[in-house]
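Below is protein.txt, which holds compact mmCIF, C-alpha atoms.
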# COMPACT_ATOMS: atom_id res chain seq x y z
CA MET A 21 125.44 18.59 131.72
CA LYS A 22 122.18 17.79 133.51
CA LYS A 23 118.99 19.03 131.82
CA VAL A 24 116.48 20.18 134.45
CA LEU A 25 112.95 21.26 133.54
CA LEU A 26 111.06 23.42 136.02
CA TYR A 27 107.75 21.62 135.77
CA SER A 28 104.24 22.62 136.83
CA GLY A 29 102.04 20.25 134.85
CA GLY A 30 100.54 23.13 132.90
CA MET A 31 100.20 22.94 129.14
CA ASP A 32 103.53 24.65 128.44
CA SER A 33 105.71 22.57 130.76
CA TRP A 34 103.88 19.37 129.76
CA LEU A 35 104.68 19.96 126.10
CA ILE A 36 108.24 21.17 126.73
CA ASP A 37 108.89 17.95 128.66
CA LYS A 38 107.97 15.93 125.57
CA LEU A 39 109.97 18.13 123.17
CA TRP A 40 113.11 18.86 125.20
CA GLU A 41 113.35 15.48 127.00
CA PRO A 42 114.98 16.64 130.25
CA ASP A 43 117.01 14.40 132.52
CA VAL A 44 114.81 15.39 135.43
CA LYS A 45 111.56 17.30 135.96
CA VAL A 46 111.39 19.35 139.14
CA TYR A 47 108.40 20.92 140.85
CA ILE A 48 109.29 23.41 143.57
CA ASN A 49 106.50 23.62 146.12
CA LEU A 50 106.45 27.30 147.04
CA HIS A 51 103.26 26.87 149.09
CA THR A 52 101.39 29.42 147.01
CA LYS A 53 97.65 29.36 146.35
CA TYR A 54 97.95 26.96 143.42
CA SER A 55 100.58 24.65 144.90
CA GLN A 56 98.25 21.96 146.24
CA THR A 57 96.33 21.71 142.98
CA GLU A 58 99.55 21.50 140.97
CA LEU A 59 100.97 18.89 143.34
CA SER A 60 97.86 16.74 142.94
CA LYS A 61 98.35 16.67 139.16
CA LEU A 62 102.06 15.86 139.02
CA PRO A 63 103.28 12.65 137.36
CA LYS A 64 105.17 10.25 139.62
CA ASP A 65 108.49 10.93 137.89
CA VAL A 66 108.59 14.59 138.99
CA LYS A 67 111.00 15.43 141.80
CA VAL A 68 109.34 17.69 144.39
CA ILE A 69 111.40 20.22 146.37
CA ASP A 70 109.79 22.04 149.28
CA PHE A 71 110.65 25.75 149.60
CA ASP A 72 108.04 27.95 151.24
CA LEU A 73 107.84 31.45 149.73
CA SER A 74 104.12 31.91 150.33
CA LYS A 75 104.57 34.94 152.56
CA TYR A 76 105.86 36.89 149.55
CA GLU A 77 102.85 36.11 147.35
CA ARG A 78 100.89 39.31 146.63
CA GLU A 79 97.27 39.07 147.79
CA GLU A 80 95.88 41.36 145.08
CA ASP A 81 97.07 39.35 142.07
CA LEU A 82 98.90 36.29 143.50
CA ILE A 83 102.14 37.32 141.80
CA LEU A 84 105.27 36.07 143.53
CA PRO A 85 107.94 38.69 142.72
CA LEU A 86 111.30 37.29 141.55
CA ARG A 87 109.81 33.80 141.28
CA ASN A 88 111.95 32.73 138.33
CA LEU A 89 115.08 34.07 139.95
CA TYR A 90 114.50 32.02 143.09
CA LEU A 91 113.82 28.80 141.17
CA PRO A 92 117.17 28.41 139.32
CA MET A 93 119.04 29.21 142.54
CA ILE A 94 117.12 26.47 144.36
CA ILE A 95 117.96 24.03 141.54
CA CYS A 96 121.67 24.91 141.81
CA ASN A 97 121.64 24.11 145.51
CA GLU A 98 119.68 20.88 144.98
CA PHE A 99 121.96 19.49 142.25
CA THR A 100 125.35 20.57 143.57
CA GLU A 101 127.56 18.17 141.63
CA ASP A 102 126.41 18.89 138.08
CA ASP A 103 126.76 21.48 135.38
CA LEU A 104 123.18 22.49 134.64
CA GLU A 105 120.81 23.56 131.91
CA ILE A 106 117.68 24.83 133.68
CA MET A 107 114.64 25.24 131.44
CA LEU A 108 111.85 27.65 132.32
CA GLY A 109 108.41 26.87 130.90
CA ALA A 110 108.25 30.14 128.97
CA THR A 111 106.47 30.68 125.64
CA ALA A 112 105.74 33.62 123.36
CA GLY A 113 102.52 34.39 125.22
CA ASP A 114 104.28 35.08 128.53
CA ARG A 115 104.69 38.82 129.12
CA VAL A 116 106.29 38.84 132.58
CA LEU A 117 109.93 39.92 132.56
CA ASP A 118 111.26 36.90 134.44
CA LYS A 119 110.32 34.67 131.51
CA SER A 120 112.01 36.83 128.89
CA VAL A 121 115.06 36.06 126.76
CA GLU A 122 116.87 38.99 128.40
CA PHE A 123 116.14 37.56 131.85
CA SER A 124 117.53 34.15 130.87
CA LYS A 125 120.77 35.79 129.71
CA LEU A 126 121.06 37.91 132.85
CA ALA A 127 120.33 34.95 135.15
CA THR A 128 122.87 32.81 133.28
CA ASN A 129 125.51 35.52 133.57
CA LEU A 130 124.80 36.01 137.28
CA LEU A 131 125.01 32.31 138.13
CA SER A 132 128.08 31.85 135.92
CA TYR A 133 129.76 34.69 137.77
CA LEU A 134 128.89 33.22 141.18
CA TYR A 135 130.09 29.74 140.19
CA GLN A 136 133.49 30.79 138.93
CA PRO A 137 136.37 28.76 140.45
CA GLN A 138 137.06 30.03 143.98
CA HIS A 139 138.07 28.68 147.37
CA TRP A 140 134.83 26.74 147.95
CA ILE A 141 134.36 25.44 144.40
CA LYS A 142 137.71 24.70 142.84
CA LYS A 143 136.57 23.68 139.36
CA GLY A 144 133.63 26.06 139.04
CA ARG A 145 130.33 25.17 137.38
CA VAL A 146 128.50 25.86 134.15
CA VAL A 147 124.90 26.93 134.76
CA LYS A 148 122.54 28.02 132.00
CA VAL A 149 119.02 29.36 132.48
CA LEU A 150 117.08 28.69 129.29
CA VAL A 151 113.86 29.87 127.66
CA SER A 152 114.40 27.89 124.46
CA PHE A 153 110.70 27.79 123.54
CA LYS A 154 110.13 31.52 123.93
CA ASP A 155 109.76 31.93 120.15
CA LYS A 156 106.63 29.73 120.10
CA ASP A 157 103.15 30.44 121.40
CA LYS A 158 100.90 27.72 122.82
CA LYS A 159 99.42 26.89 119.42
CA GLN A 160 102.84 26.51 117.83
CA LEU A 161 104.21 24.51 120.75
CA LEU A 162 101.34 22.06 120.49
CA LYS A 163 101.77 21.81 116.72
CA GLU A 164 105.45 20.94 117.12
CA TYR A 165 104.51 18.19 119.57
CA LEU A 166 101.87 16.84 117.17
CA ASP A 167 104.24 17.04 114.18
CA LYS A 168 106.59 14.75 116.10
CA GLY A 169 103.86 12.15 116.55
CA GLY A 170 102.27 13.37 119.76
CA ASP A 171 98.75 12.44 120.88
CA ILE A 172 96.43 15.44 121.11
CA GLU A 173 93.90 13.67 123.33
CA LYS A 174 96.68 12.77 125.77
CA ALA A 175 98.00 16.33 125.74
CA TRP A 176 94.53 17.67 126.50
CA SER A 177 93.76 15.28 129.35
CA GLU A 178 97.18 15.16 131.04
CA SER A 179 98.08 18.87 131.04
CA PHE A 180 96.39 21.17 133.55
CA SER A 181 96.08 24.95 133.16
CA CYS A 182 93.58 26.66 135.45
CA TYR A 183 93.45 29.51 137.96
CA ASN A 184 90.23 28.46 139.68
CA PRO A 185 89.89 24.66 139.80
CA SER A 186 86.93 23.04 141.50
CA LYS A 187 87.18 21.31 144.88
CA ASP A 188 87.88 18.04 143.07
CA ASN A 189 90.64 19.74 141.03
CA LYS A 190 88.84 19.96 137.72
CA PRO A 191 89.47 22.99 135.45
CA CYS A 192 86.93 25.78 135.67
CA PHE A 193 86.94 26.75 131.95
CA SER A 194 86.27 30.30 133.15
CA CYS A 195 89.77 31.75 133.40
CA LYS A 196 92.54 32.88 131.07
CA PRO A 197 94.70 29.74 131.31
CA CYS A 198 91.69 27.53 130.59
CA PHE A 199 90.51 29.42 127.52
CA ARG A 200 94.01 30.03 126.12
CA LYS A 201 94.71 26.31 126.33
CA ALA A 202 91.37 25.57 124.67
CA VAL A 203 92.07 28.03 121.82
CA ALA A 204 95.48 26.47 121.15
CA PHE A 205 93.95 23.00 120.96
CA TYR A 206 91.06 24.13 118.76
CA LYS A 207 93.51 25.74 116.31
CA ASN A 208 95.23 22.36 116.07
CA SER A 209 91.94 20.70 115.05
CA PHE A 210 90.87 19.49 118.50
CA THR A 211 87.09 19.65 118.95
CA SER A 212 86.45 17.01 121.62
CA PHE A 213 85.10 19.49 124.14
CA THR A 214 82.19 18.43 126.33
CA THR A 215 78.95 20.36 126.21
CA TYR A 216 79.73 21.85 129.61
CA GLU A 217 83.20 22.93 128.49
CA LYS A 218 81.85 24.58 125.34
CA GLU A 219 79.04 26.40 127.12
CA THR A 220 81.31 27.60 129.94
CA LEU A 221 84.10 28.74 127.62
CA TYR A 222 81.59 30.54 125.39
CA LYS A 223 80.08 32.39 128.32
CA TYR A 224 83.48 33.41 129.67
CA LEU A 225 84.72 34.68 126.31
CA LYS A 226 81.50 36.56 125.62
CA GLU A 227 81.47 38.28 129.02
CA ASN A 228 85.18 38.98 129.46
CA ILE A 229 87.21 38.86 126.25
CA VAL A 230 85.40 39.34 122.95
CA ASP A 231 84.25 42.95 123.47
CA ASP A 232 87.80 44.04 124.34
CA ILE A 233 89.10 42.41 121.15
CA LYS A 234 86.43 44.11 119.04
CA LYS A 235 87.25 47.46 120.67
CA GLY A 236 90.95 46.96 119.96
CA VAL A 237 91.99 47.12 123.63
CA TYR A 238 92.71 43.46 124.41
CA GLY A 239 96.38 43.76 123.51
CA ARG A 240 97.39 40.21 122.64
CA GLY A 241 98.26 40.78 118.98
CA LYS A 242 96.30 40.22 115.77
CA GLU A 243 97.06 36.52 115.32
CA GLU A 244 96.13 35.45 118.83
CA GLU A 245 93.06 37.66 118.86
CA SER A 246 91.96 36.26 115.50
CA ASP A 247 92.39 32.72 116.88
CA ILE A 248 90.23 33.62 119.89
CA ILE A 249 87.47 35.03 117.67
CA ASP A 250 87.58 31.93 115.43
CA PHE A 251 87.16 29.73 118.50
CA TYR A 252 84.40 31.94 119.90
CA ASN A 253 82.48 31.81 116.61
CA TRP A 254 82.81 28.02 116.54
CA LEU A 255 81.54 27.79 120.11
CA GLU A 256 78.67 30.16 119.31
CA GLY A 257 77.52 27.90 116.50
CA GLY A 258 77.33 24.98 118.90
CA VAL A 259 75.62 26.57 121.89
CA LYS A 260 72.84 28.46 120.11
What does the file become when written as structure tokens?
Amino acid sequence: MKKVLLYSGGMDSWLIDKLWEPDVKVYINLHTKYSQTELSKLPKDVKVIDFDLSKYEREEDLILPLRNLYLPMIICNEFTEDDLEIMLGATAGDRVLDKSVEFSKLATNLLSYLYQPQHWIKKGRVVKVLVSFKDKDKKQLLKEYLDKGGDIEKAWSESFSCYNPSKDNKPCFSCKPCFRKAVAFYKNSFTSFTTYEKETLYKYLKENIVDDIKKGVYGRGKEEESDIIDFYNWLEGGVK
């Protein structure tokens, strides 16, 4: 059975690659807003498949409905000769339904039904859509990688999680993916942030996140919110 990781280069898929050790990493270029930035960051061993779905990307929030239903189907048509385990880069912090455990079961059942033996596929195929790391948040995923001998500096520099990168494809440190990655690293004893990174993260958290946590309306759960406040307090001590 071929192990295929749907890979973006973000923190989650970067770590899952190291922990799951897939046979192949695949990036599907959907031609969405972030595609070119993600493509520029991909390692050379990632297989790129071109499949333009940009016309379905919502302008108001850049959500691509049914994204993680399209992707396994594309993989099935790309690797036609193999039974497949297709891993989505889903973690405990992902709240969209197409990264849920229930979705993985439904997608597996659907593809298994469609690949039953029939006139065009005599032997049938086994296809599994997995979210095997859904029980871990970013902090826990990074810890597992480090516990297995991983390099935290390498993980920080080689993974890329940002909604608004600069023209030269550097992270903005003023968006949710940037700060959530930074919090996960800080809670695993990483403090090698530049002065610019610390000042920018502090400003973003102060203006957009901390008040909602204090008011009890942020909605990410006590542990994650406590981690964010710990990081914010550490940043505050360094920028004042």
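The spacing separating CA of Glu217 (chain A) from CA of Asn184 (chain A) amounts to 14.3 Å.
The nearest approach to Asp65 (chain A) among the residues A:Lys143, A:Glu80, A:Lys235, A:Val46, with all atoms listed in the file taken into account, belongs to A:Val46.
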Determine, counting only C-alpha atoms, which protein, DNA and RNA residues have an atom within 6 Å of an atom of region 146-156 of chain A; residues of the same chain fewer than 6 positions away are not included. Present the result as a PyMOL selection string. chain A and resi 103-108+110-112+124+128+132
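Interatomic distance, CA of Glu178 (chain A) to CA of Ser212 (chain A): 14.4 Å.
By chain and then residue number, the residues within 12 Å of Tyr252 (chain A) are A:Phe199, A:Arg200, A:Ala202, A:Val203, A:Tyr206, A:Lys207, A:Lys218, A:Glu219, A:Thr220, A:Leu221, A:Tyr222, A:Lys223, A:Tyr224, A:Leu225, A:Lys226, A:Glu227, A:Asn228, A:Ile229, A:Val230, A:Asp231, A:Ile233, A:Glu245, A:Ser246, A:Gly258, A:Val259, counting only C-alpha atoms and disregarding those fewer than 6 positions away in sequence.
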